[in-house]
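What's in structure_21.cif: mmCIF, C-alpha atoms
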```cif
data_upload
loop_
_atom_site.label_atom_id
_atom_site.label_comp_id
_atom_site.auth_asym_id
_atom_site.auth_seq_id
_atom_site.Cartn_x
_atom_site.Cartn_y
_atom_site.Cartn_z
CA MET Z 580 0.00 0.00 0.00
CA LYS Z 581 1.26 3.48 -0.88
CA TYR Z 582 1.28 6.38 1.55
CA SER Z 583 1.89 10.11 1.13
CA TYR Z 584 4.96 10.84 3.22
CA PHE Z 585 5.31 14.19 5.00
CA PRO Z 586 8.98 14.46 6.11
CA GLY Z 587 8.72 17.78 8.00
CA CYS Z 588 11.36 20.47 8.30
CA THR Z 589 13.87 18.78 10.57
CA LEU Z 590 14.28 15.23 9.26
CA PRO Z 591 15.83 15.92 5.85
CA THR Z 592 18.27 18.51 7.23
CA GLN Z 593 19.52 18.22 10.79
CA MET Z 594 18.19 14.80 11.71
CA LYS Z 595 19.36 12.61 8.84
CA ASN Z 596 19.80 9.79 11.37
CA PHE Z 597 15.98 9.78 11.57
CA GLU Z 598 15.22 10.33 7.87
CA LEU Z 599 17.70 7.74 6.55
CA THR Z 600 16.35 5.04 8.83
CA VAL Z 601 12.74 5.93 7.99
CA ARG Z 602 13.42 5.47 4.29
CA TRP Z 603 15.56 2.37 4.73
CA THR Z 604 13.10 0.57 7.05
CA ALA Z 605 10.22 1.44 4.71
CA ARG Z 606 12.05 -0.07 1.71
CA ARG Z 607 13.09 -3.12 3.71
CA LEU Z 608 9.53 -3.78 4.92
CA GLY Z 609 7.75 -2.95 1.66
CA ILE Z 610 6.02 0.17 3.01
CA GLU Z 611 5.72 2.49 0.02
CA LEU Z 612 6.32 6.08 1.10
CA GLU Z 613 5.94 8.66 -1.64
CA GLU Z 614 6.99 12.13 -0.57
CA LEU Z 615 4.16 14.68 -0.82
CA ASP Z 616 4.43 17.23 -3.59
CA SER Z 617 5.41 20.74 -2.48
CA TRP Z 618 4.95 20.26 1.23
CA GLN Z 619 5.80 23.05 3.65
CA CYS Z 620 6.80 23.01 7.33
CA CYS Z 621 3.72 22.09 9.40
CA GLN Z 622 4.32 25.28 11.44
CA ALA Z 623 5.54 23.17 14.36
CA VAL Z 624 2.90 24.11 16.93
CA PHE Z 625 -0.85 23.71 16.75
CA PRO Z 626 -2.58 27.08 17.23
CA LEU Z 627 -4.41 26.99 20.56
CA SER Z 628 -6.56 30.08 20.12
CA THR Z 629 -9.88 30.10 18.35
CA ASP Z 630 -8.92 33.09 16.20
CA SER Z 631 -5.65 32.11 14.49
CA PRO Z 632 -6.52 29.91 11.50
CA MET Z 633 -3.33 31.01 9.68
CA GLY Z 634 -1.41 28.57 11.85
CA LEU Z 635 -3.34 25.77 10.16
CA VAL Z 636 -2.61 26.66 6.54
CA ALA Z 637 0.42 24.41 5.95
CA SER Z 638 -1.18 21.32 7.46
CA PHE Z 639 -4.46 22.07 5.65
CA ARG Z 640 -2.58 22.12 2.33
CA ALA Z 641 -0.66 18.95 3.16
CA LEU Z 642 -3.93 17.14 3.92
CA ILE Z 643 -5.46 18.25 0.62
CA ASN Z 644 -2.33 17.20 -1.29
CA ALA Z 645 -2.46 13.75 0.27
CA HIS Z 646 -6.14 13.48 -0.56
CA GLN Z 647 -5.48 14.47 -4.17
CA ALA Z 648 -2.84 11.74 -4.36
CA GLY Z 649 -5.55 9.39 -3.07
CA ARG Z 650 -3.54 8.26 -0.07
CA ALA Z 651 -3.33 8.48 3.70
CA LEU Z 652 -0.75 10.93 5.03
CA VAL Z 653 2.13 9.42 7.01
CA THR Z 654 4.57 11.31 9.17
CA CYS Z 655 7.28 10.25 11.60
CA CYS Z 656 7.97 13.40 13.64
CA SER Z 657 5.81 13.76 16.75
CA GLY Z 658 5.44 17.49 16.05
CA CYS Z 659 4.20 17.05 12.48
CA PHE Z 660 1.88 14.24 13.56
CA HIS Z 661 0.46 16.39 16.35
CA VAL Z 662 -0.21 19.44 14.19
CA ILE Z 663 -1.52 17.65 11.08
CA LYS Z 664 -3.69 15.16 12.95
CA ARG Z 665 -5.25 17.92 15.06
CA THR Z 666 -5.90 19.96 11.94
CA ALA Z 667 -7.67 16.99 10.34
CA HIS Z 668 -9.71 16.54 13.53
CA LEU Z 669 -10.66 20.23 13.55
CA MET Z 670 -11.63 20.23 9.87
CA ALA Z 671 -14.15 17.47 10.56
CA ARG Z 672 -15.80 19.49 13.34
CA ASP Z 673 -15.38 23.21 12.75
CA GLN Z 674 -17.15 24.23 9.59
CA GLU Z 675 -16.44 27.95 10.00
CA THR Z 676 -12.65 27.50 10.24
CA ARG Z 677 -12.70 25.00 7.38
CA GLN Z 678 -14.53 27.48 5.15
CA LYS Z 679 -12.08 30.24 6.07
CA LEU Z 680 -9.14 28.05 5.10
CA GLU Z 681 -10.83 26.89 1.92
CA ALA Z 682 -11.42 30.49 0.88
CA PHE Z 683 -7.86 31.53 1.76
CA CYS Z 684 -6.18 28.58 0.03
CA GLU Z 685 -8.71 28.43 -2.81
CA GLN Z 686 -8.92 24.69 -2.31
CA GLU Z 687 -11.76 22.50 -1.13
CA TYR Z 688 -11.29 20.20 1.84
CA PRO Z 689 -12.58 16.67 1.18
CA PRO Z 690 -15.84 16.12 3.10
CA GLU Z 691 -14.83 12.54 3.94
CA GLY Z 692 -11.62 13.80 5.60
CA VAL Z 693 -8.03 12.57 5.27
CA GLN Z 694 -6.41 9.80 7.29
CA VAL Z 695 -3.28 10.81 9.22
CA LEU Z 696 -0.98 8.04 10.40
CA HIS Z 697 2.18 7.87 12.44
CA TYR Z 698 4.95 5.74 10.95
CA LEU Z 699 5.24 3.82 14.23
CA ASP Z 700 1.82 2.28 13.56
CA LEU Z 701 2.92 1.12 10.10
CA LEU Z 702 6.09 -0.41 11.54
CA LEU Z 703 4.13 -2.23 14.24
CA SER Z 704 1.85 -3.92 11.74
CA SER Z 705 4.70 -4.75 9.32
CA LEU Z 706 6.96 -6.18 12.00
CA GLU Z 707 4.31 -8.59 13.30
CA SER Z 708 5.25 -10.96 10.48
CA VAL Z 709 9.02 -10.36 10.37
CA GLN Z 710 11.67 -12.13 12.37
CA PRO Z 711 14.40 -9.50 12.96
CA PRO Z 712 17.75 -10.88 11.74
CA VAL Z 713 19.61 -9.08 14.56
CA PRO Z 714 17.39 -9.37 17.65
CA LEU Z 715 18.38 -6.68 20.13
CA LYS Z 716 18.77 -9.21 22.89
CA ASP Z 717 19.23 -7.87 26.43
CA LEU Z 718 19.12 -4.22 25.31
CA ARG Z 719 17.05 -2.32 27.87
CA VAL Z 720 15.17 0.45 26.13
CA GLY Z 721 13.31 3.31 27.80
CA ALA Z 722 10.60 4.53 25.42
CA TYR Z 723 10.24 8.28 25.76
CA TYR Z 724 6.88 9.48 24.43
CA GLY Z 725 6.90 13.09 25.61
CA CYS Z 726 3.75 15.09 24.99
CA LEU Z 727 3.14 15.77 21.29
CA LEU Z 728 2.46 12.15 20.38
CA LEU Z 729 -0.09 11.53 23.13
CA ARG Z 730 -2.02 14.62 24.11
CA PRO Z 731 -4.80 15.59 23.62
CA GLU Z 732 -5.93 11.99 23.38
CA ASP Z 733 -9.40 12.71 21.97
CA GLU Z 734 -7.84 14.48 18.98
CA LEU Z 735 -4.74 12.36 18.38
CA GLY Z 736 -6.14 8.95 19.34
CA PHE Z 737 -2.65 7.49 19.26
CA ASP Z 738 -2.25 5.72 22.60
CA ASP Z 739 -3.27 5.98 26.26
CA PRO Z 740 -1.68 9.27 27.41
CA GLU Z 741 -1.12 7.99 30.95
CA ASP Z 742 0.02 4.46 30.08
CA PRO Z 743 1.05 4.21 26.43
CA GLN Z 744 2.20 0.83 25.10
CA LYS Z 745 3.04 1.16 21.41
CA MET Z 746 6.74 1.89 21.67
CA GLU Z 747 7.15 -0.86 24.26
CA ARG Z 748 5.45 -3.25 21.82
CA LEU Z 749 7.88 -2.18 19.11
CA VAL Z 750 10.84 -2.71 21.44
CA ARG Z 751 9.58 -6.23 22.22
CA LEU Z 752 9.10 -7.06 18.53
CA LEU Z 753 12.76 -6.17 17.98
CA GLY Z 754 13.86 -8.60 20.67
CA ALA Z 755 14.85 -5.90 23.16
CA GLU Z 756 13.50 -5.33 26.65
CA PRO Z 757 11.23 -2.32 27.30
CA VAL Z 758 11.84 -0.49 30.56
CA LEU Z 759 8.89 1.26 32.20
CA TYR Z 760 9.77 4.42 34.11
CA ALA Z 761 7.76 7.18 35.72
CA TYR Z 762 8.62 10.09 33.44
CA ARG Z 763 8.12 8.51 30.00
CA THR Z 764 5.11 10.69 29.17
CA GLU Z 765 6.42 13.91 30.75
CA CYS Z 766 7.31 16.94 28.65
CA CYS Z 767 11.01 17.64 27.90
CA GLY Z 768 10.48 21.41 28.10
CA SER Z 769 9.83 21.73 24.37
CA TYR Z 770 10.47 25.18 22.85
CA SER Z 771 10.80 26.79 26.29
CA SER Z 772 14.42 25.60 26.31
CA LEU Z 773 15.31 28.37 23.85
CA LEU Z 774 13.90 30.99 26.22
CA ASP Z 775 15.07 29.58 29.53
CA ARG Z 776 17.24 26.49 29.81
CA ALA Z 777 16.50 25.91 33.49
CA GLY Z 778 13.02 24.52 32.89
CA ALA Z 779 14.12 22.05 30.22
CA GLU Z 780 17.13 21.00 32.29
CA ALA Z 781 14.93 20.21 35.28
CA ALA Z 782 12.56 18.24 33.06
CA VAL Z 783 15.39 16.31 31.40
CA ARG Z 784 17.08 15.59 34.74
CA ALA Z 785 13.85 13.98 35.96
CA ILE Z 786 13.30 11.99 32.74
CA VAL Z 787 16.84 10.66 32.37
CA SER Z 788 17.34 9.90 36.06
CA SER Z 789 14.03 8.08 36.23
CA ALA Z 790 14.85 5.99 33.13
CA ARG Z 791 18.32 5.21 34.43
CA ARG Z 792 17.01 4.13 37.83
CA ALA Z 793 14.62 1.77 36.05
CA GLY Z 794 17.59 0.24 34.21
CA ALA Z 795 17.36 1.80 30.72
CA GLN Z 796 20.53 1.77 28.61
CA VAL Z 797 19.13 3.94 25.81
CA LEU Z 798 16.13 6.20 25.31
CA VAL Z 799 13.98 6.03 22.19
CA THR Z 800 11.91 8.91 20.81
CA SER Z 801 10.03 10.01 17.71
CA CYS Z 802 10.44 13.74 18.26
CA PRO Z 803 13.44 15.77 17.04
CA LEU Z 804 12.74 18.46 19.63
CA CYS Z 805 12.76 15.87 22.44
CA PHE Z 806 15.93 14.36 20.95
CA TRP Z 807 17.60 17.76 20.99
CA ASN Z 808 16.42 18.78 24.46
CA LEU Z 809 17.40 15.42 25.95
CA GLU Z 810 20.93 15.69 24.53
CA GLU Z 811 21.43 19.41 25.01
CA SER Z 812 20.21 19.49 28.61
CA SER Z 813 21.90 16.20 29.56
CA LEU Z 814 25.26 17.49 28.36
CA ALA Z 815 24.81 20.79 30.19
CA LEU Z 816 23.81 18.96 33.39
CA ALA Z 817 26.71 16.51 33.12
CA THR Z 818 29.28 19.32 32.98
CA ARG Z 819 27.88 20.89 36.15
CA GLU Z 820 26.84 17.82 38.11
CA PRO Z 821 29.37 15.00 38.02
CA SER Z 822 26.81 12.58 39.46
CA PHE Z 823 24.45 13.08 36.49
CA ALA Z 824 24.90 10.34 33.89
CA PRO Z 825 23.34 11.06 30.46
CA LEU Z 826 21.66 8.35 28.41
CA PRO Z 827 22.09 8.04 24.64
CA VAL Z 828 18.98 8.83 22.59
CA LEU Z 829 17.89 7.02 19.43
CA TYR Z 830 14.96 7.48 17.08
CA PHE Z 831 12.63 4.49 17.06
CA THR Z 832 13.47 3.94 13.39
CA GLN Z 833 17.18 3.62 14.22
CA LEU Z 834 16.37 0.82 16.63
CA VAL Z 835 14.33 -0.94 13.93
CA ALA Z 836 17.15 -0.44 11.40
CA LEU Z 837 19.65 -2.07 13.76
CA ALA Z 838 17.41 -5.09 14.32
CA LEU Z 839 16.82 -5.43 10.58
CA ALA Z 840 20.59 -5.38 9.88
CA ALA Z 841 20.72 -2.05 8.06
CA PRO Z 842 24.02 -1.41 6.29
CA ASP Z 843 26.42 1.05 7.85
CA GLU Z 844 25.71 3.83 5.31
CA CYS Z 845 22.10 4.05 6.56
CA LEU Z 846 23.19 4.64 10.12
CA ASP Z 847 24.29 8.23 10.47
CA TRP Z 848 25.71 8.86 13.95
CA SER Z 849 26.93 12.38 13.23
CA ALA Z 850 23.82 14.06 14.70
CA HIS Z 851 24.37 12.32 18.06
CA ARG Z 852 26.28 14.24 20.66
CA ILE Z 853 25.87 11.41 23.18
CA ASP Z 854 27.24 8.48 21.21
CA PRO Z 855 24.80 5.54 21.37
CA ARG Z 856 27.23 3.13 19.71
CA PRO Z 857 28.80 1.76 22.92
CA ALA Z 858 25.29 0.85 24.17
CA VAL Z 859 24.31 -0.89 20.93
CA ALA Z 860 27.79 -2.17 19.95
CA ALA Z 861 26.64 -5.80 19.82
CA PHE Z 862 24.10 -4.97 17.06
CA LEU Z 863 26.13 -2.67 14.80
CA PRO Z 864 26.91 -3.84 11.26
CA GLU Z 865 30.48 -4.83 10.60
CA VAL Z 866 32.21 -1.97 8.83
CA LYS Z 867 34.21 -3.16 5.83
CA GLU Z 868 37.75 -1.85 5.77
CA ALA Z 869 38.43 0.34 2.75
CA MET E 757 -7.96 44.04 46.03
CA LEU E 758 -11.46 45.46 45.68
CA LEU E 759 -13.66 43.11 43.71
CA SER E 760 -16.80 44.04 41.85
CA GLY E 761 -19.02 42.27 39.36
CA GLU E 762 -17.72 44.61 36.70
CA ARG E 763 -14.09 43.82 37.46
CA VAL E 764 -14.61 40.06 37.72
CA ARG E 765 -16.43 39.88 34.41
CA SER E 766 -14.33 42.49 32.62
CA ARG E 767 -14.03 42.85 28.87
CA LEU E 768 -10.55 41.32 29.01
CA VAL E 769 -11.81 38.19 30.80
CA THR E 770 -14.42 37.80 28.08
CA LYS E 771 -11.65 38.20 25.49
CA VAL E 772 -9.57 35.46 27.16
CA GLU E 773 -12.62 33.19 27.20
CA GLU E 774 -13.37 33.88 23.54
CA MET E 775 -9.79 33.32 22.39
CA SER E 776 -9.30 30.18 24.46
CA GLY E 777 -12.80 28.76 24.10
CA GLN E 778 -12.64 28.02 27.86
CA ARG E 779 -14.70 29.23 30.83
CA VAL E 780 -12.47 30.48 33.61
CA LEU E 781 -15.18 29.81 36.22
CA GLY E 782 -15.17 26.17 35.13
CA CYS E 783 -12.01 25.70 37.23
CA TYR E 784 -12.71 24.64 40.85
CA GLN E 785 -9.14 25.10 42.04
CA CYS E 786 -8.29 21.47 42.77
CA GLY E 787 -4.68 22.02 41.68
CA LYS E 788 -4.36 18.90 39.57
CA CYS E 789 -2.95 20.99 36.70
CA THR E 790 -0.20 22.31 38.95
CA ALA E 791 0.55 18.87 40.39
CA GLY E 792 1.33 17.50 36.93
CA CYS E 793 2.90 20.58 35.35
CA PRO E 794 6.58 19.92 34.53
CA MET E 795 7.29 23.66 34.69
CA ALA E 796 5.34 24.49 37.87
CA SER E 797 8.48 24.99 39.95
CA PHE E 798 9.45 27.82 37.60
CA MET E 799 6.08 29.52 37.94
CA ASP E 800 4.78 31.84 40.65
CA PRO E 801 1.82 31.82 40.71
CA VAL E 802 1.47 28.21 39.62
CA PRO E 803 -1.06 27.17 36.92
CA HIS E 804 -4.17 26.99 39.09
CA GLY E 805 -3.08 30.28 40.67
CA VAL E 806 -3.17 31.89 37.22
CA MET E 807 -6.70 30.51 36.80
CA ARG E 808 -7.66 32.03 40.16
CA LEU E 809 -6.35 35.43 39.05
CA LEU E 810 -8.53 35.19 35.94
CA GLN E 811 -11.55 34.18 38.00
CA LEU E 812 -11.04 37.37 39.99
CA GLY E 813 -10.77 39.44 36.83
CA GLN E 814 -7.04 40.07 37.24
CA VAL E 815 -6.10 39.52 33.59
CA SER E 816 -3.27 42.07 33.57
CA ARG E 817 -1.67 40.38 36.57
CA ALA E 818 -2.08 36.98 34.92
CA MET E 819 -0.37 38.38 31.82
CA ARG E 820 2.66 39.35 33.91
CA THR E 821 3.28 35.86 35.29
CA ALA E 822 6.23 33.64 34.33
CA ALA E 823 3.70 30.85 33.80
CA VAL E 824 2.61 32.41 30.51
CA TRP E 825 6.10 31.93 29.06
CA MET E 826 7.18 28.78 30.87
CA CYS E 827 4.10 26.84 29.75
CA ALA E 828 5.35 24.42 27.09
CA SER E 829 1.83 23.52 25.84
CA CYS E 830 2.42 19.89 26.84
CA HIS E 831 -1.29 19.47 27.66
CA SER E 832 -0.69 17.50 30.87
CA CYS E 833 -2.99 19.94 32.66
CA ALA E 834 -5.69 19.85 30.01
CA SER E 835 -5.70 16.07 29.73
CA ARG E 836 -6.05 15.63 33.51
CA CYS E 837 -8.43 18.48 34.41
CA PRO E 838 -11.53 16.96 36.06
CA ARG E 839 -13.53 19.97 34.87
CA GLY E 840 -12.38 19.73 31.26
CA VAL E 841 -10.72 23.15 31.28
CA ASP E 842 -7.96 23.35 28.67
CA LEU E 843 -5.43 25.43 30.55
CA ALA E 844 -2.93 25.24 27.65
CA ARG E 845 -5.46 27.23 25.61
CA VAL E 846 -5.91 29.77 28.39
CA MET E 847 -2.13 30.28 28.57
CA GLU E 848 -2.01 30.69 24.79
CA SER E 849 -4.65 33.41 24.91
CA LEU E 850 -2.65 35.31 27.56
CA ARG E 851 0.53 34.99 25.46
CA LEU E 852 -1.27 36.22 22.36
CA LEU E 853 -2.77 39.21 24.19
CA ILE E 854 0.78 40.26 25.04
CA LEU E 855 2.33 39.46 21.65
CA ARG E 856 -0.46 41.11 19.70
CA GLY E 857 0.25 44.18 21.78
CA GLY E 858 3.39 44.43 19.68
CA GLU E 859 6.24 43.26 21.89
CA PRO E 860 7.73 39.87 20.97
CA LYS E 861 9.17 37.89 23.87
CA VAL E 862 12.01 36.54 21.73
CA ARG E 863 13.55 37.92 18.57
CA PRO E 864 15.45 35.35 16.51
CA GLU E 865 18.31 37.81 16.06
CA GLY E 866 18.53 38.03 19.84
CA LEU E 867 19.30 34.32 20.23
CA PRO E 868 22.98 33.31 20.43
CA ALA E 869 24.35 32.56 16.95
CA GLU E 870 25.76 29.19 18.01
CA LEU E 871 22.34 28.20 19.36
CA LEU E 872 20.71 29.17 16.06
CA MET E 873 23.20 26.97 14.26
CA ARG E 874 22.71 23.97 16.52
CA ALA E 875 19.01 24.01 17.37
CA PRO E 876 16.82 21.95 15.03
CA GLN E 877 14.30 23.80 12.87
CA GLN E 878 11.44 22.33 14.86
CA ALA E 879 12.77 24.09 17.98
CA LEU E 880 13.30 27.40 16.18
CA VAL E 881 9.93 27.42 14.42
CA SER E 882 8.09 26.48 17.64
CA CYS E 883 9.97 29.12 19.58
CA ALA E 884 9.25 31.82 16.98
CA ARG E 885 5.56 30.93 16.80
CA LYS E 886 5.08 30.85 20.57
CA TYR E 887 7.23 33.84 21.53
CA GLN E 888 6.87 36.11 18.52
CA GLY E 889 3.18 35.60 17.78
#
```
Produce structure tokens that represent the structure in this file.
Amino acid sequence: MKYSYFPGCTLPTQMKNFELTVRWTARRLGIELEELDSWQCCQAVFPLSTDSPMGLVASFRALINAHQAGRALVTCCSGCFHVIKRTAHLMARDQETRQKLEAFCEQEYPPEGVQVLHYLDLLLSSLESVQPPVPLKDLRVGAYYGCLLLRPEDELGFDDPEDPQKMERLVRLLGAEPVLYAYRTECCGSYSSLLDRAGAEAAVRAIVSSARRAGAQVLVTSCPLCFWNLEESSLALATREPSFAPLPVLYFTQLVALALAAPDECLDWSAHRIDPRPAVAAFLPEVKEA
Amino acid sequence: MLLSGERVRSRLVTKVEEMSGQRVLGCYQCGKCTAGCPMASFMDPVPHGVMRLLQLGQVSRAMRTAAVWMCASCHSCASRCPRGVDLARVMESLRLLILRGGEPKVRPEGLPAELLMRAPQQALVSCARKYQG
């Protein structure tokens, strides 16, 4: 089955470790992702006031483009998923805003709506019937959901916001061991870290310490902003507090790529400032000497 | 503070309610929002305290709180509120009242150059949209 793929602003540029493993895992599992024509940044945050429909324009256009291609829209970034899925939810319920956007964009929104999917769901169904060639045996993985993927539940409908299970299921399918810890659905501080680092650092200290106490060796996320905050704040904390031990962070697609024996050229470690390779050394592909 | 019906139901409170789509008197001050807020220790007053200010018609005071800027829109409060009040939307309306007044909280050119180089686009776009309006 073919899907319209919405990469978002961050994957193709600064988070190639995410993008490369999305594309490789899709090819390997026969998930056909066709990049949407002329997509624009989803605008990163969903507008929370009733009078700012301009914040919905990019996701509105992406939804119409996917509909015109006759496919469901798939995205991998928690931020894009959050904004686009909430826009689709709003379009089904708020006729006035829909008409405003239709008039502004000079495009009609399909009355039957557009399906918005997260790539994690596609991986879960594909992996049910695949035996991973490199099971990630004994790797203890702390799934970090954060906020954008889960809340508000009635609009996103992704997983239980207080006790999500999807990433843990993925970890199990890959042969690794999911670690449950208290702060897996807590916010990392999000964009507030650019205004005031203290808030994000406190949030990250709580998340990482809680995961470490529960025995996690790596954290797994689907959000580039979480990835960045976790690394940035962990490194800042570690320089000031010798007792603070950071945890490496991986995208969920990188974990899948490792278990499916992705070749070395698909695994870009250059975006990682906390090197995850020591933690996953047993599952890395052998690098051929030049 | 001298309270009156006029002050409690001021034009600005109505504006906050219109922009957020929330009723400030819906909150019954249980504090569950504050208990789950990851940024509450950086706020004074804390989230339910901001709601109390609004219930008393003190919109200008609510607009001067750190809570308005420290709120990361994570929706923990909204998803747990037993009264169904979406506090993230209330905070957004307070932010927008300030930003639409013409003074951005953050200007991209004011951020350190090395941070601009390192931060992912998602962080920069979110930051610009929340703190510039």
Can you pull out the residues contacting His804 (chain E)? Cut-off 9 Å, using all atoms listed in the file, and skip same-chain residues under 5 positions away; I want them as a tab-separated table (two decimals) with C-alpha atoms, in the coordinates of the input.
```tsv
chain	number	residue	atom	x	y	z
E	783	CYS	CA	-12.01	25.70	37.23
E	785	GLN	CA	-9.14	25.10	42.04
E	786	CYS	CA	-8.29	21.47	42.77
E	787	GLY	CA	-4.68	22.02	41.68
E	788	LYS	CA	-4.36	18.90	39.57
E	789	CYS	CA	-2.95	20.99	36.70
E	790	THR	CA	-0.20	22.31	38.95
E	809	LEU	CA	-6.35	35.43	39.05
E	843	LEU	CA	-5.43	25.43	30.55
```
Closest atom pairs, chain Z residues within 7 Å of chain E, all atoms listed in the file, as a tab-separated table:
```
residue	atom	partner	partner_atom	distance
Z:Cys588	CA	E:Gln877	CA	6.4
Z:Thr589	CA	E:Gln877	CA	5.5
Z:Gln593	CA	E:Pro876	CA	6.3
Z:Gln622	CA	E:Val881	CA	6.7
Z:Ala623	CA	E:Ser882	CA	5.3
Z:Val624	CA	E:Ser882	CA	5.7
Z:Leu627	CA	E:Arg845	CA	5.2
Z:Ser628	CA	E:Met775	CA	5.1
Z:Thr629	CA	E:Met775	CA	5.2
Z:Asp630	CA	E:Met775	CA	6.3
Z:Cys726	CA	E:Cys830	CA	5.3
Z:Leu727	CA	E:Cys830	CA	6.9
Z:Arg730	CA	E:His831	CA	6.1
Z:Pro731	CA	E:Ser835	CA	6.2
Z:Cys766	CA	E:Cys830	CA	6.0
Z:Gly768	CA	E:Ala828	CA	6.0
Z:Ser769	CA	E:Ala828	CA	5.9
Z:Tyr770	CA	E:Cys883	CA	5.1
Z:Ser771	CA	E:Ala828	CA	6.0
Z:Leu773	CA	E:Cys883	CA	6.9
Z:Gly778	CA	E:Met795	CA	6.1
Z:Ala782	CA	E:Pro794	CA	6.4
Z:Leu804	CA	E:Ala879	CA	5.9
```
| request: Could you jot down the CA of Val720 (chain Z) to CA of Leu829 (chain Z) separation for me, Å, one decimal place? | output: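 Separation of CA of Val720 (chain Z) and CA of Leu829 (chain Z): 9.8 Å.
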| Near-Asp739 (chain Z) list (10 Å; only C-alpha atoms; drop same-chain fewer than 6 positions) as a ChimeraX atom specification | /Z:729-730,732,745
| task | Quote the spacing between CA of Leu837 (chain Z) and CA of Cys620 (chain Z) in Å to one decimal place. | result |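 Computed distance, CA of Leu837 (chain Z) to CA of Cys620 (chain Z), equals 28.9 Å.
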| message | the PyMOL selection byres ((chain Z and resi 848) around 12) - which residues does that actually catch in the file I just gave you? List them as a ChimeraX atom specification. | response | /Z:593-597,599-600,827-830,833,843-847,849-857,863
| query | Taking the file as shown, what set of residues would the PyMOL selection byres ((chain Z and resi 709) around 12) give back, as a ChimeraX atom specification? | reply | /Z:607-609,702-708,710-714,752-754,835,838-839
| said: I'd like to see the residues matched by the PyMOL selection byres ((chain Z and resi 716) around 8) on this file, and ideally I'd get them as a list in words. | reply: Pro714, Leu715, Asp717, Leu718, Gly754, Ala755 and Glu756 of chain Z
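In this structure, CA of Leu652 (chain Z) sits 25.3 Å away from CA of Ala841 (chain Z).
The neighbours of Lys581 (chain Z) here are the residues that come within 9 Å of it, using only C-alpha atoms and leaving out any residue fewer than 2 positions away in the same chain; they are Z:Ser583, Z:Ile610, Z:Glu611, Z:Leu612, Z:Glu613, Z:Arg650, Z:Ala651.
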| remark: One residue among E:Gln778, E:Gln888, E:Cys833, E:Gly840 is nearest to Glu859 (chain E) when using only C-alpha atoms, and that residue is E:Gln888
For the point (-3.5, 22.8, 6.3) in file coordinates, what residues are within 12 Å, counting all atoms listed in the file? Give the answer as a short mmCIF file (atom, residue, chain, number, x, y, z; two decimals) with C-alpha atoms, in the frame of the given file?
```cif
data_model
loop_
_atom_site.label_atom_id
_atom_site.label_comp_id
_atom_site.auth_asym_id
_atom_site.auth_seq_id
_atom_site.Cartn_x
_atom_site.Cartn_y
_atom_site.Cartn_z
CA TRP Z 618 4.95 20.26 1.23
CA GLN Z 619 5.80 23.05 3.65
CA CYS Z 620 6.80 23.01 7.33
CA CYS Z 621 3.72 22.09 9.40
CA GLN Z 622 4.32 25.28 11.44
CA PHE Z 625 -0.85 23.71 16.75
CA PRO Z 626 -2.58 27.08 17.23
CA PRO Z 632 -6.52 29.91 11.50
CA MET Z 633 -3.33 31.01 9.68
CA GLY Z 634 -1.41 28.57 11.85
CA LEU Z 635 -3.34 25.77 10.16
CA VAL Z 636 -2.61 26.66 6.54
CA ALA Z 637 0.42 24.41 5.95
CA SER Z 638 -1.18 21.32 7.46
CA PHE Z 639 -4.46 22.07 5.65
CA ARG Z 640 -2.58 22.12 2.33
CA ALA Z 641 -0.66 18.95 3.16
CA LEU Z 642 -3.93 17.14 3.92
CA ILE Z 643 -5.46 18.25 0.62
CA ASN Z 644 -2.33 17.20 -1.29
CA ALA Z 645 -2.46 13.75 0.27
CA HIS Z 646 -6.14 13.48 -0.56
CA CYS Z 659 4.20 17.05 12.48
CA VAL Z 662 -0.21 19.44 14.19
CA ILE Z 663 -1.52 17.65 11.08
CA LYS Z 664 -3.69 15.16 12.95
CA ARG Z 665 -5.25 17.92 15.06
CA THR Z 666 -5.90 19.96 11.94
CA ALA Z 667 -7.67 16.99 10.34
CA HIS Z 668 -9.71 16.54 13.53
CA LEU Z 669 -10.66 20.23 13.55
CA MET Z 670 -11.63 20.23 9.87
CA THR Z 676 -12.65 27.50 10.24
CA ARG Z 677 -12.70 25.00 7.38
CA LYS Z 679 -12.08 30.24 6.07
CA LEU Z 680 -9.14 28.05 5.10
CA GLU Z 681 -10.83 26.89 1.92
CA PHE Z 683 -7.86 31.53 1.76
CA CYS Z 684 -6.18 28.58 0.03
CA GLU Z 685 -8.71 28.43 -2.81
CA GLN Z 686 -8.92 24.69 -2.31
CA GLU Z 687 -11.76 22.50 -1.13
CA TYR Z 688 -11.29 20.20 1.84
CA VAL Z 693 -8.03 12.57 5.27
#
```
| Which polymer residues have any atom within 12 Å of an atom of Ser760 (chain E), counting only C-alpha atoms, with same-chain residues fewer than 6 positions away left out, as an MDAnalysis selection string? | chainID E and resid 766 811:814
What are the centre and the three edge lengths of an axis-aligned box that wraps all atoms of region 832-850 of chain E in the file, given that 8 Å is added to every side, written as lines of an AutoDock Vina configuration file and rounded to one decimal in Å?
```
center_x = -7.1
center_y = 25.5
center_z = 30.4
size_x = 28.8
size_y = 35.7
size_z = 27.3
```
